[in-house]
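Asks: First, the structure itself, so that you have it in front of you.
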Amino acid sequence: AHVWKGVINEYRDRLPVTEQTEVVTMGEGGTPLIRARALSELTGSAVWLKFEGMNPTGSFKDRGMTMAITKAKEEGAKAVVCASTGNTSASAAAYAKQAGMRCAVLVPEGKISMGKMSQAVAHGADIIQIDGNFDNCLEVARKLSESYPVFLVNSVNPYRIEGQKTAAFEVVDTLGDAPDIHVLPVGNAGNITAYWKGYREYAQESTATDGTALPAVATHTPVMWGFQAEGAAPLVLGHPVTEPETIATAIRIGNPASWDTAVAARDESGGLIDSVTDDEILEAHRWLSSREGVFVEPGSAASVAGLLKQARAGKVPSGKTIVATVTGHGLKDPQWAIKGAEAEDAQAAEPKRVTFDVVSVAAAL
Ligand code: F0G
């Protein structure tokens, strides 16, 4: 049987490593591509969900982190630092531990979910809560890495993008070609940058890291659709947002670091970057859990919220192949399932309380 060896070993010839590189991995990647039946029925296209919550720390960040920590180790780093809305810090804390390094994380106070905070705590990261938002945290993390012997592992580190591009490779390898449309949530904009890079590389002939020729794998690149939360939509507005606000704390970002490359992904692919409201995000969150059986965190649902918004506007073509990435696991931030059960369109089950005999249990069903 084939045993998945993590994204660096699986895609070694397309990543900046040599035979001497000691790979720091936890077997990330190889995540399920799940057929979304209800979304396919709604749109008349084949819709698939790339479920990134199935990575070792529960989000897509692990793809970039294996690469960033591997290179940090190769360059002799003893400590790493990141700013985070929660998932990057969870991933950095775990991979740093795996590599025997120290990890400092800068997070916006009161604005990261309990699940993500628990991960950073459990892995023994130095956690600094900042009285500010993610953008402020990133500014401090950058300066820290310039003045102190500590490696920055945010997605401004190009190795993060290299690792994350493997998600596009996996989609093509699974479907046999690139999809027609790829839908993503957008926050700091590293992921849309990475997918576009991966799709472009797979649609061209290229040269492997060891100098050998690599054939094109896909016949085309997809149209990229990105969605930001309405209260944190700088790329849609065309200017930074000083006080971003959304219930989807993962994407509560006002000044994305990968701004230009996200705009390039949109324009070169003939795509769009639009916004979705918090209500639309929660509706998509409920849709995913109650109709598709896929449990994600709210920020992840922004992609599907965008797809639903486009469908309502009659802008989703039928007969196509569409992939929506859902970026993080529902267990990261589970309170929304309980809150969402009260919503009008909820198909959530109410827990019932009965005595422990079979007649009472059967009667309650
Ligand atoms: N979805 C989730 C679950 C995220 O955690 C993030 C980003 C995104 C989407 C957006 O991806 O930034 O590449 O556009 N989270 C970062 C963090 C900022 O610190 O964990 P992006």
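We name chains A, B, ... following the order of the structure tokens; residues begin at 1 in each chain, and ligands are numbered from 1 as shown.
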Would you please give, as a PyMOL selection string, all residues of segment 124-352 of chain A that DSSP assigns to strand (DSSP E) based on the backbone?

Replies: chain A and resi 126-130+151-152+181-185+206-207+213-214+223-229+272-276+321-326

Asks: Grab the residues selected above and save them as a short mmCIF file (atom, residue, chain, number, x, y, z; two decimals), in the first residue's frame with N, CA and C atoms.

Replies:
```cif
data_model
loop_
_atom_site.label_atom_id
_atom_site.label_comp_id
_atom_site.auth_asym_id
_atom_site.auth_seq_id
_atom_site.Cartn_x
_atom_site.Cartn_y
_atom_site.Cartn_z
N ASP A 126 5.72 30.17 23.17
CA ASP A 126 5.68 31.42 23.94
C ASP A 126 4.58 32.26 23.33
N ILE A 127 3.50 32.44 24.07
CA ILE A 127 2.34 33.12 23.49
C ILE A 127 2.28 34.57 23.99
N ILE A 128 2.30 35.49 23.02
CA ILE A 128 2.20 36.90 23.38
C ILE A 128 0.89 37.42 22.80
N GLN A 129 -0.01 37.85 23.67
CA GLN A 129 -1.27 38.43 23.20
C GLN A 129 -1.06 39.92 23.03
N ILE A 130 -1.44 40.43 21.88
CA ILE A 130 -1.19 41.84 21.61
C ILE A 130 -2.51 42.61 21.61
N PHE A 151 13.46 33.19 13.19
CA PHE A 151 12.97 33.09 11.81
C PHE A 151 11.47 33.37 11.73
N LEU A 152 11.08 34.19 10.77
CA LEU A 152 9.67 34.51 10.57
C LEU A 152 9.01 33.40 9.72
N ILE A 181 -13.09 26.19 -12.04
CA ILE A 181 -13.10 27.30 -11.07
C ILE A 181 -12.55 26.77 -9.75
N HIS A 182 -11.72 27.58 -9.08
CA HIS A 182 -11.28 27.23 -7.72
C HIS A 182 -11.67 28.37 -6.78
N VAL A 183 -12.34 28.01 -5.68
CA VAL A 183 -12.88 29.00 -4.74
C VAL A 183 -12.16 28.91 -3.40
N LEU A 184 -11.77 30.08 -2.86
CA LEU A 184 -11.01 30.12 -1.60
C LEU A 184 -11.47 31.25 -0.68
N PRO A 185 -11.34 31.03 0.64
CA PRO A 185 -11.44 32.18 1.54
C PRO A 185 -10.14 32.98 1.45
N SER A 206 8.28 22.30 -16.96
CA SER A 206 9.23 23.01 -16.10
C SER A 206 10.44 22.15 -15.81
N THR A 207 11.33 22.68 -14.99
CA THR A 207 12.56 21.97 -14.64
C THR A 207 12.52 21.58 -13.17
N ALA A 213 13.78 17.51 -16.73
CA ALA A 213 12.58 18.16 -17.28
C ALA A 213 11.32 17.57 -16.67
N LEU A 214 10.38 18.44 -16.40
CA LEU A 214 9.07 17.99 -15.88
C LEU A 214 8.00 18.35 -16.89
N VAL A 223 -10.10 29.37 -13.13
CA VAL A 223 -10.46 30.74 -12.77
C VAL A 223 -10.48 30.78 -11.24
N MET A 224 -9.82 31.77 -10.65
CA MET A 224 -9.73 31.84 -9.19
C MET A 224 -10.78 32.80 -8.62
N TRP A 225 -11.58 32.27 -7.69
CA TRP A 225 -12.56 33.11 -7.00
C TRP A 225 -12.17 33.16 -5.53
N GLY A 226 -11.92 34.37 -5.01
CA GLY A 226 -11.59 34.53 -3.60
C GLY A 226 -12.66 35.32 -2.88
N PHE A 227 -12.89 34.99 -1.61
CA PHE A 227 -13.91 35.71 -0.83
C PHE A 227 -13.39 36.15 0.53
N GLN A 228 -13.56 37.44 0.80
CA GLN A 228 -13.20 38.01 2.09
C GLN A 228 -14.48 38.26 2.88
N ALA A 229 -14.33 38.40 4.21
CA ALA A 229 -15.49 38.78 5.02
C ALA A 229 -15.76 40.26 4.80
N LEU A 272 -12.21 36.65 -9.68
CA LEU A 272 -12.74 37.75 -8.88
C LEU A 272 -12.38 37.58 -7.41
N ILE A 273 -12.36 38.70 -6.70
CA ILE A 273 -12.29 38.68 -5.23
C ILE A 273 -13.45 39.55 -4.76
N ASP A 274 -14.36 38.91 -4.03
CA ASP A 274 -15.58 39.60 -3.59
C ASP A 274 -15.72 39.38 -2.08
N SER A 275 -16.77 39.96 -1.50
CA SER A 275 -16.96 39.78 -0.06
C SER A 275 -18.26 39.06 0.24
N VAL A 276 -18.32 38.48 1.43
CA VAL A 276 -19.53 37.81 1.94
C VAL A 276 -19.78 38.31 3.37
N THR A 321 -16.44 21.86 -13.56
CA THR A 321 -15.85 21.28 -12.35
C THR A 321 -15.38 22.41 -11.46
N ILE A 322 -15.89 22.41 -10.24
CA ILE A 322 -15.56 23.50 -9.30
C ILE A 322 -15.00 22.89 -8.02
N VAL A 323 -13.88 23.45 -7.55
CA VAL A 323 -13.33 23.02 -6.27
C VAL A 323 -13.37 24.21 -5.30
N ALA A 324 -13.92 23.97 -4.11
CA ALA A 324 -13.87 24.98 -3.04
C ALA A 324 -13.01 24.42 -1.92
N THR A 325 -12.01 25.19 -1.52
CA THR A 325 -11.19 24.77 -0.39
C THR A 325 -11.88 25.19 0.90
N VAL A 326 -12.02 24.23 1.83
CA VAL A 326 -12.45 24.57 3.18
C VAL A 326 -11.21 24.35 4.05
#
```

Asks: As a ChimeraX atom specification, list the residues of segment 5-251 of chain A assigned to alpha helix (DSSP H) by DSSP on the backbone atoms of this structure.

Replies: /A:7-10,37-43,61-74,87-99,114-122,134-147,158-164,166-175,190-202,234-237

Asks: Those residues with C-alpha atoms, as a compact mmCIF listing (two decimals), in the first residue's frame please?

Replies:
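Dumped everything to part.txt:
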```txt
# COMPACT_ATOMS: atom_id res chain seq x y z
CA VAL A 7 4.00 17.18 0.91
CA ILE A 8 7.78 17.68 0.65
CA ASN A 9 8.54 14.02 0.02
CA GLU A 10 5.52 13.61 -2.28
CA ARG A 37 -23.72 16.61 -3.41
CA ALA A 38 -26.03 19.45 -2.39
CA LEU A 39 -23.79 22.14 -3.92
CA SER A 40 -23.48 20.10 -7.11
CA GLU A 41 -27.25 19.76 -7.29
CA LEU A 42 -27.73 23.49 -6.68
CA THR A 43 -25.24 24.62 -9.33
CA LYS A 61 -1.15 25.90 7.32
CA ASP A 62 0.71 22.61 7.85
CA ARG A 63 1.57 22.43 4.13
CA GLY A 64 3.51 25.68 4.35
CA MET A 65 4.84 25.02 7.82
CA THR A 66 6.60 21.73 6.92
CA MET A 67 8.49 23.71 4.26
CA ALA A 68 9.22 26.80 6.41
CA ILE A 69 10.40 24.80 9.42
CA THR A 70 12.43 22.42 7.25
CA LYS A 71 14.29 25.37 5.72
CA ALA A 72 14.64 27.16 9.07
CA LYS A 73 16.24 24.01 10.46
CA GLU A 74 18.49 23.67 7.42
CA ASN A 87 -4.10 28.47 12.76
CA THR A 88 -0.60 29.56 11.81
CA SER A 89 0.34 29.68 15.49
CA ALA A 90 -1.08 26.18 16.11
CA SER A 91 0.87 24.83 13.14
CA ALA A 92 4.11 26.69 13.91
CA ALA A 93 3.98 25.55 17.55
CA ALA A 94 3.56 21.89 16.55
CA TYR A 95 6.18 21.83 13.76
CA ALA A 96 8.70 23.79 15.85
CA LYS A 97 8.30 21.16 18.57
CA GLN A 98 8.81 18.44 15.97
CA ALA A 99 12.05 20.17 14.91
CA MET A 114 -10.29 28.52 22.06
CA GLY A 115 -9.32 25.44 20.02
CA LYS A 116 -6.43 27.23 18.31
CA MET A 117 -5.20 28.85 21.53
CA SER A 118 -5.28 25.42 23.22
CA GLN A 119 -2.98 24.04 20.54
CA ALA A 120 -0.35 26.77 21.00
CA VAL A 121 -0.54 26.30 24.78
CA ALA A 122 -0.32 22.51 24.55
CA PHE A 134 -3.51 40.58 13.21
CA ASP A 135 -1.98 43.33 11.08
CA ASN A 136 -0.37 44.87 14.17
CA CYS A 137 0.92 41.44 15.24
CA LEU A 138 2.50 40.84 11.82
CA GLU A 139 4.23 44.20 11.88
CA VAL A 140 5.81 43.38 15.24
CA ALA A 141 6.74 39.82 14.17
CA ARG A 142 8.48 41.17 11.06
CA LYS A 143 10.50 43.70 13.06
CA LEU A 144 11.36 41.07 15.64
CA SER A 145 12.77 38.76 12.96
CA GLU A 146 14.83 41.62 11.51
CA SER A 147 16.49 42.51 14.82
CA PRO A 158 8.40 32.36 0.45
CA TYR A 159 8.86 28.75 1.64
CA ARG A 160 5.36 28.88 3.12
CA ILE A 161 3.92 29.59 -0.34
CA GLU A 162 6.04 26.81 -1.85
CA GLY A 163 4.59 24.28 0.59
CA GLN A 164 1.03 25.49 0.21
CA THR A 166 1.02 21.47 -3.23
CA ALA A 167 -2.72 21.67 -2.53
CA ALA A 168 -3.25 22.66 -6.18
CA PHE A 169 -1.05 19.73 -7.27
CA GLU A 170 -3.19 17.33 -5.25
CA VAL A 171 -6.43 18.65 -6.76
CA VAL A 172 -5.08 18.09 -10.29
CA ASP A 173 -3.63 14.69 -9.39
CA THR A 174 -7.01 13.61 -7.97
CA LEU A 175 -9.30 15.01 -10.69
CA GLY A 190 -1.01 33.71 1.02
CA ASN A 191 -3.19 30.76 0.10
CA ILE A 192 -4.73 32.19 -3.08
CA THR A 193 -1.18 33.17 -4.09
CA ALA A 194 0.04 29.63 -3.43
CA TYR A 195 -2.79 27.85 -5.29
CA TRP A 196 -2.34 30.08 -8.33
CA LYS A 197 1.41 29.37 -8.32
CA GLY A 198 0.75 25.62 -8.05
CA TYR A 199 -1.84 25.59 -10.83
CA ARG A 200 0.42 27.61 -13.13
CA GLU A 201 3.39 25.35 -12.52
CA TYR A 202 1.33 22.22 -13.20
CA PRO A 234 -9.46 45.33 1.81
CA LEU A 235 -8.90 43.61 -1.54
CA VAL A 236 -12.51 44.25 -2.53
CA LEU A 237 -12.42 47.88 -1.35
```

Asks: Could you list, as a PyMOL selection string, all residues that come within 6 Å of ligand 1? Count only C-alpha atoms and all ligand atoms.

Replies: chain A and resi 84-88+185-191+250-251+299-300+327-328

Asks: Would you output that residue set with N, CA and C atoms, as an mmCIF file, in the first residue's frame?

Replies:
```
data_model
loop_
_atom_site.group_PDB
_atom_site.id
_atom_site.type_symbol
_atom_site.label_atom_id
_atom_site.label_comp_id
_atom_site.auth_asym_id
_atom_site.auth_seq_id
_atom_site.Cartn_x
_atom_site.Cartn_y
_atom_site.Cartn_z
ATOM 1 N N SER A 84 -0.459 35.591 14.161
ATOM 2 C CA SER A 84 -1.491 34.662 13.727
ATOM 3 C C SER A 84 -2.877 34.987 14.249
ATOM 4 N N THR A 85 -3.883 34.612 13.430
ATOM 5 C CA THR A 85 -5.265 34.620 13.897
ATOM 6 C C THR A 85 -5.602 33.254 14.513
ATOM 7 N N GLY A 86 -4.604 32.381 14.647
ATOM 8 C CA GLY A 86 -4.792 31.124 15.369
ATOM 9 C C GLY A 86 -4.263 29.874 14.698
ATOM 10 N N ASN A 87 -4.528 29.704 13.414
ATOM 11 C CA ASN A 87 -4.104 28.466 12.765
ATOM 12 C C ASN A 87 -2.607 28.412 12.488
ATOM 13 N N THR A 88 -2.050 29.533 12.053
ATOM 14 C CA THR A 88 -0.602 29.556 11.809
ATOM 15 C C THR A 88 0.142 29.285 13.113
ATOM 16 N N PRO A 185 -11.337 31.034 0.636
ATOM 17 C CA PRO A 185 -11.441 32.176 1.541
ATOM 18 C C PRO A 185 -10.140 32.977 1.454
ATOM 19 N N VAL A 186 -10.201 34.286 1.630
ATOM 20 C CA VAL A 186 -8.990 35.106 1.555
ATOM 21 C C VAL A 186 -8.852 35.964 2.816
ATOM 22 N N GLY A 187 -7.675 35.862 3.444
ATOM 23 C CA GLY A 187 -7.372 36.671 4.621
ATOM 24 C C GLY A 187 -6.090 37.452 4.382
ATOM 25 N N ASN A 188 -4.962 36.833 4.737
ATOM 26 C CA ASN A 188 -3.669 37.466 4.495
ATOM 27 C C ASN A 188 -3.211 37.241 3.048
ATOM 28 N N ALA A 189 -3.990 36.437 2.320
ATOM 29 C CA ALA A 189 -3.855 36.229 0.866
ATOM 30 C C ALA A 189 -2.687 35.351 0.432
ATOM 31 N N GLY A 190 -2.076 34.640 1.369
ATOM 32 C CA GLY A 190 -1.006 33.712 1.017
ATOM 33 C C GLY A 190 -1.536 32.495 0.267
ATOM 34 N N ASN A 191 -2.703 32.014 0.677
ATOM 35 C CA ASN A 191 -3.186 30.761 0.103
ATOM 36 C C ASN A 191 -3.619 30.910 -1.353
ATOM 37 N N ALA A 250 -10.472 33.873 11.795
ATOM 38 C CA ALA A 250 -9.332 33.404 10.992
ATOM 39 C C ALA A 250 -8.977 34.401 9.896
ATOM 40 N N ILE A 251 -9.987 35.088 9.357
ATOM 41 C CA ILE A 251 -9.753 36.004 8.229
ATOM 42 C C ILE A 251 -10.051 37.458 8.614
ATOM 43 N N GLY A 299 -14.339 30.716 9.219
ATOM 44 C CA GLY A 299 -13.489 31.326 8.188
ATOM 45 C C GLY A 299 -13.414 30.469 6.929
ATOM 46 N N SER A 300 -13.386 29.169 7.112
ATOM 47 C CA SER A 300 -13.321 28.228 5.983
ATOM 48 C C SER A 300 -14.554 28.293 5.117
ATOM 49 N N THR A 327 -10.735 25.468 4.628
ATOM 50 C CA THR A 327 -9.360 25.583 5.096
ATOM 51 C C THR A 327 -9.056 25.021 6.483
ATOM 52 N N GLY A 328 -10.075 24.982 7.366
ATOM 53 C CA GLY A 328 -9.797 24.542 8.738
ATOM 54 C C GLY A 328 -10.937 23.722 9.325
#
```

Asks: State, in Å with one decimal place, the distance from atom CA of Ala46 of chain A to atom CA of Gly271 of chain A.

Replies: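 Pair atom CA of Ala46 of chain A / atom CA of Gly271 of chain A returns 18.5 Å.
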
Asks: If I take atom CA of Asp345 of chain A and atom CA of Arg291 of chain A, how far is one from the other in Å, to one decimal?

Replies: 11.3 Å

Asks: Atom CA of Thr242 of chain A to atom CA of Gly110 of chain A: how many Å, to one decimal?

Replies: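 A separation of 17.5 Å between them.
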
Asks: Looking at only C-alpha atoms, which of A:Ala337, A:Val296, A:Ala264, A:Ala301 is the one that sits closest to Ser59 of chain A?

Replies: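 Of all the options, A:Val296 lies closest to Ser59 of chain A.
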
Asks: When you look at Thr209 of chain A with a cut-off of 7 Å (counting only C-alpha atoms), what residues show up, excluding the ones that are within fewer than 2 positions of it in the same chain? I need them as number ranges by chain.

Replies: A: 13-16, 207, 211

Asks: Identify, on the basis of only C-alpha atoms, every residue whose closest approach to Ile338 of chain A does not exceed 10 Å; exclude the query and any residue fewer than 3 positions from it along the same chain; express the result as an MDAnalysis selection string.

Replies: chainID A and resid 334:335 341:343 348:350

Asks: Restricted to C-alpha atoms, what would the selected residues look like written as an mmCIF file, in the first residue's frame?

Replies:
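Listing of result_3.cif after writing:
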```cif
data_model
loop_
_atom_site.group_PDB
_atom_site.id
_atom_site.type_symbol
_atom_site.label_atom_id
_atom_site.label_comp_id
_atom_site.auth_asym_id
_atom_site.auth_seq_id
_atom_site.Cartn_x
_atom_site.Cartn_y
_atom_site.Cartn_z
ATOM 1 C CA PRO A 334 -17.139 24.568 17.569
ATOM 2 C CA GLN A 335 -19.366 27.126 19.284
ATOM 3 C CA ALA A 341 -28.681 25.363 15.462
ATOM 4 C CA GLU A 342 -30.978 28.222 16.474
ATOM 5 C CA ALA A 343 -31.023 29.730 12.982
ATOM 6 C CA ALA A 348 -29.518 20.732 13.245
ATOM 7 C CA ALA A 349 -30.700 18.105 15.684
ATOM 8 C CA GLU A 350 -31.777 19.034 19.216
#
```

Asks: Looking at only C-alpha atoms, which of A:Val241, A:Ala248, A:Ala178, A:Leu288 is the one that sits closest to Ala218 of chain A?

Replies: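 For Ala218 of chain A, the nearest of the candidates is A:Ala178.
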
Asks: Could you list, as a CSV table (one decimal) with C-alpha atoms, in the first residue's frame, every residue within 6 Å of segment 305-308 of chain A, counting only C-alpha atoms and ignoring same-chain residues fewer than 5 positions away?

Replies:
```csv
chain,number,residue,atom,x,y,z
A,227,PHE,CA,-13.9,35.7,-0.8
A,280,GLU,CA,-23.7,34.4,4.6
A,281,ILE,CA,-20.6,32.8,6.2
A,284,ALA,CA,-22.6,28.4,4.4
```

Asks: Name all residues at most 9 Å from Phe295 of chain A (count only C-alpha atoms; drop same-chain ones fewer than 6 positions away) and give them as a PyMOL selection string.

Replies: chain A and resi 53+285-286+288-289+328-331+337
